[in-house]
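Source file: final-v8.pdb (PDB, C-alpha atoms)
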```pdb
MODEL        1
ATOM      1  CA  MET A  18      -1.572  24.304  51.594
ATOM      2  CA  ASN A  19      -1.443  27.340  49.353
ATOM      3  CA  SER A  20       1.575  28.060  47.215
ATOM      4  CA  ALA A  21       3.480  31.320  47.423
ATOM      5  CA  ASN A  22       1.691  32.405  44.233
ATOM      6  CA  ASP A  23      -1.691  32.284  45.973
ATOM      7  CA  CYS A  24      -0.950  35.258  48.195
ATOM      8  CA  ASP A  25       1.270  38.282  48.161
ATOM      9  CA  LEU A  26       3.886  37.407  50.765
ATOM     10  CA  LEU A  27       5.457  40.864  50.687
ATOM     11  CA  GLU A  28       2.135  42.461  51.659
ATOM     12  CA  ARG A  29       1.623  39.891  54.400
ATOM     13  CA  LEU A  30       5.101  40.557  55.789
ATOM     14  CA  GLN A  31       4.324  44.282  55.840
ATOM     15  CA  ASP A  32       1.273  43.584  58.007
ATOM     16  CA  LEU A  33       2.970  41.446  60.684
ATOM     17  CA  SER A  34       4.214  43.076  63.875
ATOM     18  CA  PHE A  35       7.501  41.127  63.662
ATOM     19  CA  THR A  36       8.339  42.527  60.219
ATOM     20  CA  ALA A  37       6.042  45.546  59.713
ATOM     21  CA  SER A  38       8.539  48.363  60.162
ATOM     22  CA  LEU A  39      11.443  46.723  58.365
ATOM     23  CA  PRO A  40      12.882  48.684  55.439
ATOM     24  CA  GLU A  41      11.247  47.826  52.102
ATOM     25  CA  ALA A  42      14.466  46.324  50.717
ATOM     26  CA  VAL A  43      14.752  43.979  53.713
ATOM     27  CA  LEU A  44      11.112  42.912  53.372
ATOM     28  CA  ALA A  45      11.642  42.225  49.677
ATOM     29  CA  ARG A  46      14.631  39.972  50.446
ATOM     30  CA  LEU A  47      12.597  38.074  53.058
ATOM     31  CA  ALA A  48       9.659  37.664  50.680
ATOM     32  CA  GLU A  49      11.998  36.043  48.126
ATOM     33  CA  THR A  50      12.628  33.152  50.538
ATOM     34  CA  ALA A  51       9.108  32.909  51.961
ATOM     35  CA  THR A  52       6.463  30.260  51.500
ATOM     36  CA  TRP A  53       2.878  30.159  52.732
ATOM     37  CA  ARG A  54       1.694  27.265  54.869
ATOM     38  CA  GLU A  55      -1.748  26.474  56.267
ATOM     39  CA  LEU A  56      -2.474  24.182  59.207
ATOM     40  CA  GLU A  57      -5.672  22.654  60.475
ATOM     41  CA  THR A  58      -6.560  22.706  64.171
ATOM     42  CA  GLY A  59      -4.326  20.228  66.002
ATOM     43  CA  GLU A  60      -1.835  19.889  63.139
ATOM     44  CA  PHE A  61       1.841  20.085  64.079
ATOM     45  CA  LEU A  62       3.964  22.853  62.639
ATOM     46  CA  PHE A  63       7.001  21.012  64.054
ATOM     47  CA  ARG A  64       7.713  18.433  66.760
ATOM     48  CA  GLU A  65       9.991  18.608  69.775
ATOM     49  CA  GLY A  66      13.342  16.940  69.144
ATOM     50  CA  GLU A  67      12.992  16.876  65.364
ATOM     51  CA  ASP A  68      14.972  18.990  62.929
ATOM     52  CA  ASP A  69      13.127  21.848  61.283
ATOM     53  CA  ARG A  70      14.839  24.306  59.003
ATOM     54  CA  HIS A  71      12.338  27.163  59.005
ATOM     55  CA  LEU A  72      11.625  30.341  60.879
ATOM     56  CA  TYR A  73       7.860  30.881  60.973
ATOM     57  CA  MET A  74       5.714  33.951  61.399
ATOM     58  CA  VAL A  75       2.114  33.416  62.419
ATOM     59  CA  CYS A  76      -0.236  35.331  60.098
ATOM     60  CA  ILE A  77      -3.641  33.971  61.051
ATOM     61  CA  GLY A  78      -4.644  31.829  64.010
ATOM     62  CA  GLY A  79      -2.467  30.599  66.830
ATOM     63  CA  VAL A  80       0.274  28.142  67.679
ATOM     64  CA  ALA A  81       0.800  26.481  71.053
ATOM     65  CA  LEU A  82       4.275  25.530  72.160
ATOM     66  CA  ASP A  83       4.204  22.238  74.045
ATOM     67  CA  MET A  84       7.104  20.524  75.771
ATOM     68  CA  ASN A  85       7.466  17.019  77.133
ATOM     69  CA  VAL A  86       8.217  17.495  80.832
ATOM     70  CA  PRO A  87       9.431  14.412  82.722
ATOM     71  CA  GLY A  88       6.869  13.427  85.330
ATOM     72  CA  ARG A  89       4.233  15.719  83.829
ATOM     73  CA  GLY A  90       3.930  14.671  80.198
ATOM     74  CA  THR A  91       3.129  17.203  77.518
ATOM     75  CA  THR A  92       2.929  20.675  79.021
ATOM     76  CA  ARG A  93       1.830  23.829  77.234
ATOM     77  CA  ILE A  94       4.409  26.497  77.901
ATOM     78  CA  LEU A  95       3.317  29.320  75.613
ATOM     79  CA  THR A  96       0.780  30.297  72.985
ATOM     80  CA  LEU A  97       1.543  32.572  70.053
ATOM     81  CA  GLY A  98      -0.718  34.546  67.757
ATOM     82  CA  ALA A  99      -0.716  36.635  64.621
ATOM     83  CA  GLY A 100       2.517  38.553  64.163
ATOM     84  CA  ASP A 101       4.566  36.287  66.433
ATOM     85  CA  MET A 102       7.738  34.519  65.335
ATOM     86  CA  VAL A 103       8.298  30.839  66.073
ATOM     87  CA  GLY A 104      11.020  28.346  65.212
ATOM     88  CA  TRP A 105      14.000  30.452  66.197
ATOM     89  CA  SER A 106      16.071  27.312  66.832
ATOM     90  CA  ALA A 107      16.416  26.917  63.077
ATOM     91  CA  ILE A 108      18.196  30.281  62.847
ATOM     92  CA  VAL A 109      20.296  30.522  65.998
ATOM     93  CA  GLY A 110      20.560  26.884  67.018
ATOM     94  CA  SER A 111      21.021  23.531  65.423
ATOM     95  CA  GLY A 112      17.516  23.352  63.992
ATOM     96  CA  ARG A 113      16.466  20.767  66.567
ATOM     97  CA  MET A 114      13.150  21.959  67.946
ATOM     98  CA  THR A 115      12.998  22.487  71.705
ATOM     99  CA  THR A 116       9.188  22.323  71.765
ATOM    100  CA  SER A 117       6.349  21.104  69.576
ATOM    101  CA  GLY A 118       4.318  23.719  67.741
ATOM    102  CA  VAL A 119       0.671  22.820  67.213
ATOM    103  CA  ALA A 120      -2.109  24.851  65.594
ATOM    104  CA  LEU A 121      -4.775  25.932  68.079
ATOM    105  CA  GLU A 122      -7.215  26.737  65.287
ATOM    106  CA  PRO A 123      -6.967  26.975  61.496
ATOM    107  CA  THR A 124      -3.628  28.751  61.206
ATOM    108  CA  SER A 125      -1.559  30.271  58.421
ATOM    109  CA  VAL A 126       2.151  30.967  58.678
ATOM    110  CA  ILE A 127       4.902  32.361  56.522
ATOM    111  CA  ALA A 128       7.908  30.031  56.495
ATOM    112  CA  LEU A 129      11.404  31.341  55.836
ATOM    113  CA  ASP A 130      14.102  28.809  54.995
ATOM    114  CA  ALA A 131      16.700  29.222  57.762
ATOM    115  CA  GLU A 132      19.773  28.401  55.672
ATOM    116  CA  THR A 133      18.749  30.815  52.928
ATOM    117  CA  LEU A 134      17.970  33.486  55.516
ATOM    118  CA  ARG A 135      21.402  33.017  57.129
ATOM    119  CA  GLN A 136      23.090  33.294  53.714
ATOM    120  CA  ILE A 137      21.193  36.501  52.946
ATOM    121  CA  ALA A 138      22.071  37.905  56.382
ATOM    122  CA  ASP A 139      25.747  37.056  55.872
ATOM    123  CA  SER A 140      25.885  38.726  52.474
ATOM    124  CA  ASP A 141      23.558  41.657  53.252
ATOM    125  CA  HIS A 142      24.353  42.956  56.708
ATOM    126  CA  GLU A 143      21.369  45.315  56.716
ATOM    127  CA  VAL A 144      19.046  42.313  56.447
ATOM    128  CA  GLY A 145      21.059  40.444  59.075
ATOM    129  CA  TYR A 146      20.986  43.360  61.494
ATOM    130  CA  HIS A 147      17.256  43.927  61.221
ATOM    131  CA  VAL A 148      16.289  40.253  61.418
ATOM    132  CA  MET A 149      18.558  39.484  64.373
ATOM    133  CA  ARG A 150      17.490  42.625  66.214
ATOM    134  CA  ARG A 151      13.827  41.612  65.826
ATOM    135  CA  MET A 152      14.631  38.076  66.908
ATOM    136  CA  ALA A 153      16.487  39.298  70.002
ATOM    137  CA  THR A 154      13.531  41.492  70.972
ATOM    138  CA  ALA A 155      11.040  38.665  70.386
ATOM    139  CA  LEU A 156      13.166  36.181  72.335
ATOM    140  CA  ALA A 157      13.547  38.576  75.257
ATOM    141  CA  LYS A 158       9.753  38.923  75.451
ATOM    142  CA  ARG A 159       9.369  35.162  75.073
ATOM    143  CA  LEU A 160      11.820  34.565  77.917
ATOM    144  CA  VAL A 161       9.811  36.767  80.261
ATOM    145  CA  ALA A 162       6.530  35.096  79.231
ATOM    146  CA  THR A 163       8.044  31.640  79.680
ATOM    147  CA  ARG A 164       9.402  32.522  83.110
ATOM    148  CA  LEU A 165       5.956  33.672  84.188
ATOM    149  CA  GLN A 166       4.417  30.480  82.812
ATOM    150  CA  LEU A 167       6.977  28.354  84.656
ATOM    151  CA  LEU A 168       6.217  30.172  87.894
ATOM    152  CA  ASP A 169       2.568  29.250  87.410
ATOM    153  CA  LEU A 170       3.486  25.618  86.716
ATOM    154  CA  PHE A 171       5.628  25.281  89.792
ATOM    155  CA  ASP A 172       3.076  27.111  91.905
ATOM    156  CA  LEU A 173       0.472  24.408  91.223
ATOM    157  CA  ASP A 174       2.478  21.867  93.240
ATOM    158  CA  LYS A 175       3.017  24.083  96.250
ATOM    159  CA  PRO A 176       0.655  23.686  99.164
ATOM    160  CA  ALA A 177      -1.310  26.791  99.990
ATOM    161  CA  VAL A 178       0.577  28.918 102.463
ATOM    162  CA  LYS A 179      -1.641  30.316 105.202
ATOM    163  CA  THR A 180      -0.762  33.712 106.454
ATOM    164  CA  ASP A 181      -2.041  35.102 109.693
ATOM    165  CA  VAL A 182      -3.381  38.479 108.817
ATOM    166  CA  GLY A 183      -5.025  38.803 112.210
ATOM    167  CA  GLY A 184      -1.790  39.730 113.930
ATOM    168  CA  THR A 185      -1.668  37.140 116.741
ATOM    169  CA  SER A 186       1.723  36.447 118.234
TER     170      SER A 186
ENDMDL
END
```

Structure re-expressed in structure tokens:
Amino acid sequence: MNSANDCDLLERLQDLSFTASLPEAVLARLAETATWRELETGEFLFREGEDDRHLYMVCIGGVALDMNVPGRGTTRILTLGAGDMVGWSAIVGSGRMTTSGVALEPTSVIALDAETLRQIADSDHEVGYHVMRRMATALAKRLVATRLQLLDLFDLDKPAVKTDVGGTS
């Protein structure tokens, strides 16, 4: 794992789709709380059911979100790539992860401490507004993607429905 000194986190934040167009002052505040983390293929960023106190932004590589589904076992529900945010439960929830995040390939993320980020957002409403607006947009997109994925999952168990396109009555 590289330390924050090994890379310029502000520049990296400027390059990510989640944070790219944020005002410079907001990016600077985020960079103050950021750390750099590298994962090997198959390494867990976090595990379902465990507490994690970070909001992550994928910089390089990809993260799969897997969930334990009763009767099915571990099920992949979504994959995320560079620029995507992951770990929102740490900011808006209790910090208990609802899925497991696992690196699909060598992956680098920026980690923001959730408690520090909440304190900054509470004291600097411009930061809070921009971060929460981005999170709401990302979560709305994630909800649509997850719904589509769930439709695919449920569709696998359905028997094929034959339709009579020949028009016999």

Using all atoms listed in the file, which of the listed residues (A:Leu134, A:Leu56, A:Arg113, A:Met149) sits closest to Leu39 (chain A)? A:Met149

Taking (11.2, 38.7, 69.8) in the file's coordinates as the center, which residues reach within 12 Å of it, counting all atoms listed in the file, put as a PyMOL selection string? chain A and resi 34-36+74+97+100-105+147-162

Asp68 (chain A) environment, 9 Å, all atoms listed in the file, sequence neighbours closer than 3 positions dropped, as a list in words: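 Residues meeting the cut-off are Phe63, Arg64, Glu65, Ala107, Ser111, Gly112, Arg113 and Met114 of chain A.
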
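Separating CA of Thr58 (chain A) from CA of Met84 (chain A) is a distance of 18.1 Å.
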
For a test of reading the model, state the distance in Å between CA of Val119 (chain A) and CA of Glu60 (chain A), rounded to one decimal.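 Those two atoms sit 5.6 Å apart.
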
Computed interatomic separation between CA of Glu67 (chain A) and CA of Ala48 (chain A) (Å):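 Result for CA of Glu67 (chain A) versus CA of Ala48 (chain A): 25.7 Å, one decimal.
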
Chain and number of each residue from the PyMOL selection byres ((chain A and resi 80) around 9), as a PyMOL selection string: chain A and resi 61-62+75+78-79+81-82+95-98+103+118-122+124

Taking all atoms of region 146-154 of chain A that the file lists and extending 4 Å past them on each side, where is the centre of the axis-aligned box and how long are its edges? Answer in Å to one decimal, as AutoDock Vina command-line options.
```
--center_x 17.3 --center_y 41.0 --center_z 66.1 --size_x 15.5 --size_y 13.9 --size_z 17.8
```

Restricting the calculation to all atoms listed in the file, which member of A:Arg164, A:Arg93, A:His142, A:Arg135 is positioned closest to Leu72 (chain A)? A:Arg135

List the neighbours of Pro40 (chain A) out to 9 Å using all atoms listed in the file; skip same-chain residues closer than 4 positions along the sequence, and give me the result as a list in words. Leu44, Ala45, Val144 and His147 of chain A

Of the listed residues A:Ala131, A:Glu143, A:Glu55, A:Thr116, that which approaches Asp83 (chain A) most closely, counting all atoms listed in the file: A:Thr116

From the list A:Ile127, A:Arg54, A:Leu33, A:Arg89, which residue is nearest Phe171 (chain A) when using all atoms listed in the file?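 Of the candidates, the smallest distance to Phe171 (chain A) is held by A:Arg89.
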
Enumerate, as a PDB file with C-alpha atoms, in the coordinates of the input, the residues matched when the PyMOL selection byres ((chain A and resi 130) around 7) is run on the file above.
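Written file, part_29.pdb:
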```pdb
ATOM      1  CA  THR A  50      12.628  33.152  50.538  1.00  0.00           C
ATOM      2  CA  ARG A  70      14.839  24.306  59.003  1.00  0.00           C
ATOM      3  CA  HIS A  71      12.338  27.163  59.005  1.00  0.00           C
ATOM      4  CA  LEU A  72      11.625  30.341  60.879  1.00  0.00           C
ATOM      5  CA  ALA A 128       7.908  30.031  56.495  1.00  0.00           C
ATOM      6  CA  LEU A 129      11.404  31.341  55.836  1.00  0.00           C
ATOM      7  CA  ALA A 131      16.700  29.222  57.762  1.00  0.00           C
ATOM      8  CA  GLU A 132      19.773  28.401  55.672  1.00  0.00           C
ATOM      9  CA  THR A 133      18.749  30.815  52.928  1.00  0.00           C
ATOM     10  CA  LEU A 134      17.970  33.486  55.516  1.00  0.00           C
TER      11      LEU A 134
END
```

Nearest to Ile108 (chain A): which of A:Ser125, A:Thr91, A:Thr163, A:Gln136 is it, counting only C-alpha atoms?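 Nearest to Ile108 (chain A): A:Gln136.
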
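Of the residues listed (A:Ala37, A:Ile94, A:Leu27, A:Cys76), A:Ile94 shows the shortest atom-to-atom separation from Leu165 (chain A); distances use only C-alpha atoms.
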
All heavy atoms modelled onto region 25-36 of chain A, as a PDB file, keeping the file's coordinate frame:
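Result written to selection30.pdb:
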```pdb
ATOM      1  N   ASP A  25       0.155  37.363  48.296  1.00  0.00           N
ATOM      2  CA  ASP A  25       1.270  38.282  48.161  1.00  0.00           C
ATOM      3  C   ASP A  25       2.027  38.294  49.488  1.00  0.00           C
ATOM      4  O   ASP A  25       1.623  38.942  50.441  1.00  0.00           O
ATOM      5  CB  ASP A  25       0.768  39.666  47.801  1.00  0.00           C
ATOM      6  CG  ASP A  25       1.906  40.632  47.528  1.00  0.00           C
ATOM      7  OD1 ASP A  25       3.075  40.296  47.797  1.00  0.00           O
ATOM      8  OD2 ASP A  25       1.632  41.733  47.052  1.00  0.00           O
ATOM      9  N   LEU A  26       3.126  37.550  49.529  1.00  0.00           N
ATOM     10  CA  LEU A  26       3.886  37.407  50.765  1.00  0.00           C
ATOM     11  C   LEU A  26       4.505  38.716  51.231  1.00  0.00           C
ATOM     12  O   LEU A  26       4.602  38.952  52.432  1.00  0.00           O
ATOM     13  CB  LEU A  26       4.939  36.320  50.602  1.00  0.00           C
ATOM     14  CG  LEU A  26       4.358  34.920  50.401  1.00  0.00           C
ATOM     15  CD1 LEU A  26       5.450  33.924  50.073  1.00  0.00           C
ATOM     16  CD2 LEU A  26       3.575  34.479  51.606  1.00  0.00           C
ATOM     17  N   LEU A  27       4.898  39.571  50.304  1.00  0.00           N
ATOM     18  CA  LEU A  27       5.457  40.864  50.687  1.00  0.00           C
ATOM     19  C   LEU A  27       4.424  41.680  51.458  1.00  0.00           C
ATOM     20  O   LEU A  27       4.720  42.243  52.509  1.00  0.00           O
ATOM     21  CB  LEU A  27       5.963  41.626  49.469  1.00  0.00           C
ATOM     22  CG  LEU A  27       6.556  43.008  49.746  1.00  0.00           C
ATOM     23  CD1 LEU A  27       7.750  42.913  50.691  1.00  0.00           C
ATOM     24  CD2 LEU A  27       6.962  43.678  48.440  1.00  0.00           C
ATOM     25  N   GLU A  28       3.195  41.726  50.952  1.00  0.00           N
ATOM     26  CA  GLU A  28       2.135  42.461  51.659  1.00  0.00           C
ATOM     27  C   GLU A  28       1.863  41.860  53.023  1.00  0.00           C
ATOM     28  O   GLU A  28       1.649  42.574  53.999  1.00  0.00           O
ATOM     29  CB  GLU A  28       0.853  42.482  50.825  1.00  0.00           C
ATOM     30  CG  GLU A  28       0.912  43.424  49.658  1.00  0.00           C
ATOM     31  CD  GLU A  28      -0.391  43.450  48.876  1.00  0.00           C
ATOM     32  OE1 GLU A  28      -1.430  43.005  49.414  1.00  0.00           O
ATOM     33  OE2 GLU A  28      -0.354  43.915  47.722  1.00  0.00           O
ATOM     34  N   ARG A  29       1.853  40.558  53.111  1.00  0.00           N
ATOM     35  CA  ARG A  29       1.623  39.891  54.400  1.00  0.00           C
ATOM     36  C   ARG A  29       2.740  40.215  55.388  1.00  0.00           C
ATOM     37  O   ARG A  29       2.477  40.454  56.560  1.00  0.00           O
ATOM     38  CB  ARG A  29       1.470  38.405  54.212  1.00  0.00           C
ATOM     39  CG  ARG A  29       0.264  38.066  53.366  1.00  0.00           C
ATOM     40  CD  ARG A  29      -0.357  36.802  53.847  1.00  0.00           C
ATOM     41  NE  ARG A  29      -1.434  36.408  52.967  1.00  0.00           N
ATOM     42  CZ  ARG A  29      -2.694  36.339  53.353  1.00  0.00           C
ATOM     43  NH1 ARG A  29      -3.032  36.614  54.585  1.00  0.00           N
ATOM     44  NH2 ARG A  29      -3.623  35.948  52.508  1.00  0.00           N
ATOM     45  N   LEU A  30       3.979  40.209  54.913  1.00  0.00           N
ATOM     46  CA  LEU A  30       5.101  40.557  55.789  1.00  0.00           C
ATOM     47  C   LEU A  30       4.986  41.994  56.293  1.00  0.00           C
ATOM     48  O   LEU A  30       5.330  42.291  57.433  1.00  0.00           O
ATOM     49  CB  LEU A  30       6.432  40.350  55.062  1.00  0.00           C
ATOM     50  CG  LEU A  30       6.871  38.910  54.862  1.00  0.00           C
ATOM     51  CD1 LEU A  30       8.035  38.829  53.882  1.00  0.00           C
ATOM     52  CD2 LEU A  30       7.226  38.246  56.182  1.00  0.00           C
ATOM     53  N   GLN A  31       4.491  42.887  55.441  1.00  0.00           N
ATOM     54  CA  GLN A  31       4.324  44.282  55.840  1.00  0.00           C
ATOM     55  C   GLN A  31       3.282  44.440  56.936  1.00  0.00           C
ATOM     56  O   GLN A  31       3.331  45.400  57.695  1.00  0.00           O
ATOM     57  CB  GLN A  31       3.927  45.132  54.623  1.00  0.00           C
ATOM     58  CG  GLN A  31       5.030  45.297  53.619  1.00  0.00           C
ATOM     59  CD  GLN A  31       4.560  45.924  52.314  1.00  0.00           C
ATOM     60  OE1 GLN A  31       3.400  45.780  51.921  1.00  0.00           O
ATOM     61  NE2 GLN A  31       5.462  46.595  51.630  1.00  0.00           N
ATOM     62  N   ASP A  32       2.359  43.497  57.033  1.00  0.00           N
ATOM     63  CA  ASP A  32       1.273  43.584  58.007  1.00  0.00           C
ATOM     64  C   ASP A  32       1.589  42.945  59.357  1.00  0.00           C
ATOM     65  O   ASP A  32       0.855  43.151  60.323  1.00  0.00           O
ATOM     66  CB  ASP A  32       0.006  42.920  57.450  1.00  0.00           C
ATOM     67  CG  ASP A  32      -0.593  43.702  56.290  1.00  0.00           C
ATOM     68  OD1 ASP A  32      -0.302  44.904  56.165  1.00  0.00           O
ATOM     69  OD2 ASP A  32      -1.349  43.087  55.514  1.00  0.00           O
ATOM     70  N   LEU A  33       2.655  42.160  59.445  1.00  0.00           N
ATOM     71  CA  LEU A  33       2.970  41.446  60.684  1.00  0.00           C
ATOM     72  C   LEU A  33       3.791  42.310  61.631  1.00  0.00           C
ATOM     73  O   LEU A  33       4.720  42.997  61.196  1.00  0.00           O
ATOM     74  CB  LEU A  33       3.750  40.162  60.377  1.00  0.00           C
ATOM     75  CG  LEU A  33       3.005  39.114  59.575  1.00  0.00           C
ATOM     76  CD1 LEU A  33       3.947  37.955  59.236  1.00  0.00           C
ATOM     77  CD2 LEU A  33       1.798  38.611  60.342  1.00  0.00           C
ATOM     78  N   SER A  34       3.487  42.250  62.918  1.00  0.00           N
ATOM     79  CA  SER A  34       4.214  43.076  63.875  1.00  0.00           C
ATOM     80  C   SER A  34       5.706  42.753  63.887  1.00  0.00           C
ATOM     81  O   SER A  34       6.524  43.645  64.088  1.00  0.00           O
ATOM     82  CB  SER A  34       3.618  42.924  65.278  1.00  0.00           C
ATOM     83  OG  SER A  34       3.667  41.577  65.697  1.00  0.00           O
ATOM     84  N   PHE A  35       6.094  41.509  63.649  1.00  0.00           N
ATOM     85  CA  PHE A  35       7.501  41.127  63.662  1.00  0.00           C
ATOM     86  C   PHE A  35       8.282  41.787  62.532  1.00  0.00           C
ATOM     87  O   PHE A  35       9.457  42.125  62.683  1.00  0.00           O
ATOM     88  CB  PHE A  35       7.639  39.602  63.566  1.00  0.00           C
ATOM     89  CG  PHE A  35       9.053  39.107  63.665  1.00  0.00           C
ATOM     90  CD1 PHE A  35       9.695  39.042  64.897  1.00  0.00           C
ATOM     91  CD2 PHE A  35       9.753  38.707  62.541  1.00  0.00           C
ATOM     92  CE1 PHE A  35      11.013  38.598  64.997  1.00  0.00           C
ATOM     93  CE2 PHE A  35      11.062  38.252  62.628  1.00  0.00           C
ATOM     94  CZ  PHE A  35      11.694  38.203  63.860  1.00  0.00           C
ATOM     95  N   THR A  36       7.641  42.018  61.400  1.00  0.00           N
ATOM     96  CA  THR A  36       8.339  42.527  60.219  1.00  0.00           C
ATOM     97  C   THR A  36       7.815  43.873  59.706  1.00  0.00           C
ATOM     98  O   THR A  36       8.415  44.449  58.795  1.00  0.00           O
ATOM     99  CB  THR A  36       8.237  41.504  59.067  1.00  0.00           C
ATOM    100  OG1 THR A  36       6.866  41.126  58.901  1.00  0.00           O
ATOM    101  CG2 THR A  36       9.068  40.264  59.352  1.00  0.00           C
TER     102      THR A  36
END
```
